[in-house]
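See structure below.
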Amino acid sequence: MDLRIDALTHRYGETEVLNDINLDIPDGQIVCIVGPSGCGKSTLLRFIGGLERPTSGQVLQLSEPNPDSLNPFTFVFQDFALLPWRSAANNVRLVLEDHGLEKKEIDKIVSDVLARTKLSDFADALPKNLSGGMKQRVAIARALAVRPAVWLMDEPLSALDAQTRELLMDDLIGLWTRQPFTAVYVTHNLSEAVRLGHKIVVLSRRPGQIRKVIDIEIPIEQRQAGDPELTRIEKQLWHLMKNEAVAADQELLK
Amino acid sequence: MIRPVPFRGGGFRPKRIRGVGALVFVCLILFAEWGTRAGWISNLTLPRPSDVARTLFDLAASGLLWTHLSLSLARLGIGAFLGAGAGIVVGLMIGLSSVMRSGLIPLVAALFPIPKIALLPLFVIWFGIDETSKYALIAFGTFTPTVVSTYGAVDNVDRSLIRMAQSFGISTKSIIRKIVLPGAMPGILSGLRVSLAIAIILLTAAEMIGAEYGVGAYILEAGSLYDLERLFAGVTILSMLGVALSICLSLIEARVLGWRV
């Protein structure tokens, strides 16, 4: 589904958080949003997902979501947001229960998405017994289950250690190559952004404005860690952000 | 000189050690038995534990124990069920609705410190001298602490889970049933521990004021006759009732809250 963010500005009381954001999110692409901490990246994501309303401006759907999508705008959260009292399978089931589906169909979807995230053997495990990477895979399975039109990913790998992050990034790339999806991916990790993004949007520090939009032409499935072109873009991004990050850091000290 | 670095960690990790709790009881009882037999605790200070045990046994043998206990248990069960049930419902409403919160928290704060026993005469006028006034007293006494612990528990439910549910378009009804209620369950259950202890205290008080049978009436009668063996037998029954309720709650917690880390 194509989306357009149109002249979006937001204030919390006196403080302006986001200033005149204009951005197109094309169907089937992953748009990464990077920026220093406190620049309003996650807030922007909540506007896109309809969890909050901006002070002015709007987020427009330029096309209708696929009718078989149960929840067109679907989040994946940094802290996984799994119900600790439900097993992996039942956490997935939670988001299907309210749609009037037959039990048989729910079971089919649940076992399908658990298989796609390599969790079939852990269907009955409680979150407390799963590692961080597994928990996030359950959250990804849960998102897959509702067939999203747009994935809204809020630092999905930031709570994981570097090795797990690498593995999950491969999983995400695998999922996308098999069936391309539209996603807005918020992160502060630049190497994640250059590996996963078709388009990288750099936000300035508060009030967040778009500093630059970088398109990466290399197909996602061909990108390797350490690719010279990706390294160059990553350096360019860091160069764009460094002064902002320093300034944002100083700001928090005040 | 080569030596291992000094160890400064450890501790501050309470564990359950089996049997120590029972050992404390056994030691105390043996101590009292020894004192009363040796004579340095007079019979008027403390009855001999073995005599109390015999009194309890006689009471059970005469069948009166069951008369007292069944009446008391019925009062406790019905009163606590009504009070805790209403308390959980009102606590949930306060936890979920800003209007209810603003309207009812001051009222609960006003009701909480009232010594409920002082209201028994009023309840007798409202509900009559028979069972209903006792149910009302116990219900009222368990209601306020349950309300307070329930809305506290609802406040502590992880908001990120609720945001997650909203982002998946889950209905408010399902959010309450599938996220708020189970998320608040640890707090509600630990609140029930307090409420049920209060219920036992109020049960005894109500039975002391207007009842023919019941553990409270039994204690009162023994007290007025200075029959310390029977007084202690009654108190022992109440203690055991408290321990039994606490064990029941622990079992429920183990079953319902197995997901906790």
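Residues are named by chain letter and number: chains run A, B, ... in the order of the structure tokens, numbers start at 1 in each chain, and ligands are numbered from 1 in the order shown.
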
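Every chain B residue lying within 8 Å of chain A, based on only C-alpha atoms, is listed here: B:Ser160, B:Leu161, B:Met164, B:Ala165, B:Gln166, B:Ser167, B:Phe168, B:Gly169, B:Ile170, B:Ser171, B:Ser174, B:Ile179, B:Pro182, B:Leu257, B:Gly258, B:Trp259, B:Arg260, B:Val261.
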
For the residues in the current selection, export C-alpha atoms as a PDB file, in the first residue's frame.
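The resulting selection.pdb:
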```pdb
ATOM      1  CA  SER B 160       2.902  -1.289  26.332  1.00  0.00           C
ATOM      2  CA  LEU B 161       0.792  -4.462  26.155  1.00  0.00           C
ATOM      3  CA  MET B 164       0.140  -3.384  21.361  1.00  0.00           C
ATOM      4  CA  ALA B 165      -3.437  -4.671  21.573  1.00  0.00           C
ATOM      5  CA  GLN B 166      -4.807  -1.373  20.276  1.00  0.00           C
ATOM      6  CA  SER B 167      -2.343  -1.438  17.400  1.00  0.00           C
ATOM      7  CA  PHE B 168      -3.762  -4.825  16.410  1.00  0.00           C
ATOM      8  CA  GLY B 169      -7.306  -3.498  16.535  1.00  0.00           C
ATOM      9  CA  ILE B 170      -8.317  -5.690  19.493  1.00  0.00           C
ATOM     10  CA  SER B 171     -11.647  -4.620  21.028  1.00  0.00           C
ATOM     11  CA  SER B 174     -11.066  -8.248  24.808  1.00  0.00           C
ATOM     12  CA  ILE B 179      -4.815  -8.273  29.108  1.00  0.00           C
ATOM     13  CA  PRO B 182      -4.650 -11.431  33.854  1.00  0.00           C
ATOM     14  CA  LEU B 257       0.588 -17.114  38.011  1.00  0.00           C
ATOM     15  CA  GLY B 258       2.942 -19.757  36.653  1.00  0.00           C
ATOM     16  CA  TRP B 259       3.876 -17.360  33.848  1.00  0.00           C
ATOM     17  CA  ARG B 260       5.675 -15.002  36.204  1.00  0.00           C
ATOM     18  CA  VAL B 261       9.417 -14.823  35.818  1.00  0.00           C
TER      19      VAL B 261
END
```

message = Please identify the alpha helix (DSSP H) residues within segment 28-240 of chain B (assignment by DSSP from backbone atoms) and present them as an MDAnalysis selection string.
response = chainID B and resid 28:38 49:62 64:96 98:111 120:127 131:155 159:167 172:175 181:210 215:224 228:240

request  = Could you find all residues in segment 11-238 of chain A that DSSP calls strand (DSSP E or B) from the backbone, and write them as a ChimeraX atom specification?
outcome  = /A:11-12,15-25,30-34,56-61,73-76,150-154,182-186,199-203,208,210-215

inquiry  = Rounded to one decimal, what separation in Å do you get between atom CA of Ile105 of chain B and atom CA of Lys178 of chain B?
reply    =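 Computed distance, atom CA of Ile105 of chain B to atom CA of Lys178 of chain B, equals 25.2 Å.
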
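In terms of minimum interatomic distance to Ala149 of chain A, A:Asp68 ranks closest within A:Glu52, A:Asp68, A:Asp20, A:Glu234, counting only C-alpha atoms.
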
Nearest candidate to Asp112 of chain A (options A:Leu23, A:Gly133, A:His198, A:Ala89; using only C-alpha atoms) = A:Ala89

Residue neighbourhood Leu157 of chain A, 10 Å, only C-alpha atoms, exclusion window fewer than 2 positions, as a PyMOL selection string = chain A and resi 76-80+132-133+136+153-155+159-162+164-166+168-169+187+189+192

Based on the selection just made, write N, CA, C and O atoms of those residues as a short mmCIF file (atom, residue, chain, number, x, y, z; two decimals), in the first residue's frame.
```cif
data_model
loop_
_atom_site.label_atom_id
_atom_site.label_comp_id
_atom_site.auth_asym_id
_atom_site.auth_seq_id
_atom_site.Cartn_x
_atom_site.Cartn_y
_atom_site.Cartn_z
N VAL A 76 5.68 -3.81 15.03
CA VAL A 76 6.60 -4.72 15.73
C VAL A 76 7.38 -3.82 16.69
O VAL A 76 7.95 -2.82 16.28
N PHE A 77 7.33 -4.15 17.97
CA PHE A 77 7.87 -3.25 18.98
C PHE A 77 9.26 -3.66 19.44
O PHE A 77 9.62 -4.84 19.39
N GLN A 78 9.97 -2.68 19.95
CA GLN A 78 11.32 -2.95 20.48
C GLN A 78 11.27 -3.93 21.66
O GLN A 78 12.10 -4.81 21.77
N ASP A 79 10.27 -3.73 22.54
CA ASP A 79 10.20 -4.59 23.74
C ASP A 79 9.33 -5.83 23.51
O ASP A 79 8.87 -6.43 24.47
N PHE A 80 9.06 -6.19 22.29
CA PHE A 80 8.32 -7.39 21.86
C PHE A 80 6.83 -7.34 22.18
O PHE A 80 6.02 -7.79 21.41
N GLY A 132 15.64 -13.55 23.79
CA GLY A 132 15.19 -12.30 23.19
C GLY A 132 14.90 -12.44 21.70
O GLY A 132 13.88 -11.96 21.21
N GLY A 133 15.78 -13.13 21.00
CA GLY A 133 15.59 -13.30 19.56
C GLY A 133 14.33 -14.08 19.24
O GLY A 133 13.57 -13.75 18.34
N GLN A 136 11.26 -11.95 19.76
CA GLN A 136 10.97 -11.05 18.65
C GLN A 136 10.46 -11.84 17.45
O GLN A 136 9.64 -11.33 16.70
N MET A 153 7.84 -0.85 12.11
CA MET A 153 8.80 -1.52 12.98
C MET A 153 9.56 -0.49 13.79
O MET A 153 10.28 0.35 13.25
N ASP A 154 9.35 -0.55 15.12
CA ASP A 154 9.92 0.45 16.01
C ASP A 154 11.15 -0.14 16.69
O ASP A 154 11.05 -0.80 17.71
N GLU A 155 12.31 0.10 16.11
CA GLU A 155 13.57 -0.44 16.64
C GLU A 155 13.46 -1.92 17.00
O GLU A 155 13.79 -2.32 18.11
N ALA A 159 16.78 -4.30 21.09
CA ALA A 159 16.91 -4.91 22.41
C ALA A 159 17.70 -6.22 22.34
O ALA A 159 17.80 -6.92 23.33
N LEU A 160 18.23 -6.54 21.16
CA LEU A 160 18.90 -7.84 21.00
C LEU A 160 20.41 -7.67 20.91
O LEU A 160 20.90 -6.60 20.54
N ASP A 161 21.14 -8.74 21.22
CA ASP A 161 22.60 -8.66 21.12
C ASP A 161 23.01 -8.72 19.65
O ASP A 161 22.21 -9.09 18.78
N ALA A 162 24.25 -8.38 19.37
CA ALA A 162 24.70 -8.19 17.98
C ALA A 162 24.53 -9.45 17.13
O ALA A 162 24.08 -9.37 15.99
N THR A 164 22.40 -12.05 17.57
CA THR A 164 20.98 -12.31 17.34
C THR A 164 20.42 -11.33 16.32
O THR A 164 19.61 -11.68 15.47
N ARG A 165 20.87 -10.08 16.41
CA ARG A 165 20.42 -9.04 15.50
C ARG A 165 20.74 -9.43 14.06
O ARG A 165 19.91 -9.34 13.17
N GLU A 166 21.96 -9.92 13.88
CA GLU A 166 22.42 -10.36 12.55
C GLU A 166 21.52 -11.48 12.03
O GLU A 166 21.05 -11.43 10.89
N LEU A 168 18.42 -12.24 12.96
CA LEU A 168 17.06 -11.78 12.70
C LEU A 168 16.98 -10.91 11.45
O LEU A 168 15.98 -10.93 10.74
N MET A 169 18.06 -10.17 11.19
CA MET A 169 18.09 -9.35 9.98
C MET A 169 18.02 -10.27 8.77
O MET A 169 17.27 -10.01 7.84
N THR A 187 15.04 3.04 13.30
CA THR A 187 16.20 2.47 13.99
C THR A 187 17.22 3.58 14.28
O THR A 187 17.17 4.66 13.68
N ASN A 189 20.33 2.33 14.44
CA ASN A 189 21.49 1.56 14.04
C ASN A 189 21.68 1.70 12.52
O ASN A 189 20.88 1.21 11.73
N GLU A 192 21.98 -1.48 10.28
CA GLU A 192 20.67 -2.07 10.02
C GLU A 192 19.97 -1.33 8.88
O GLU A 192 19.42 -1.95 7.97
#
```
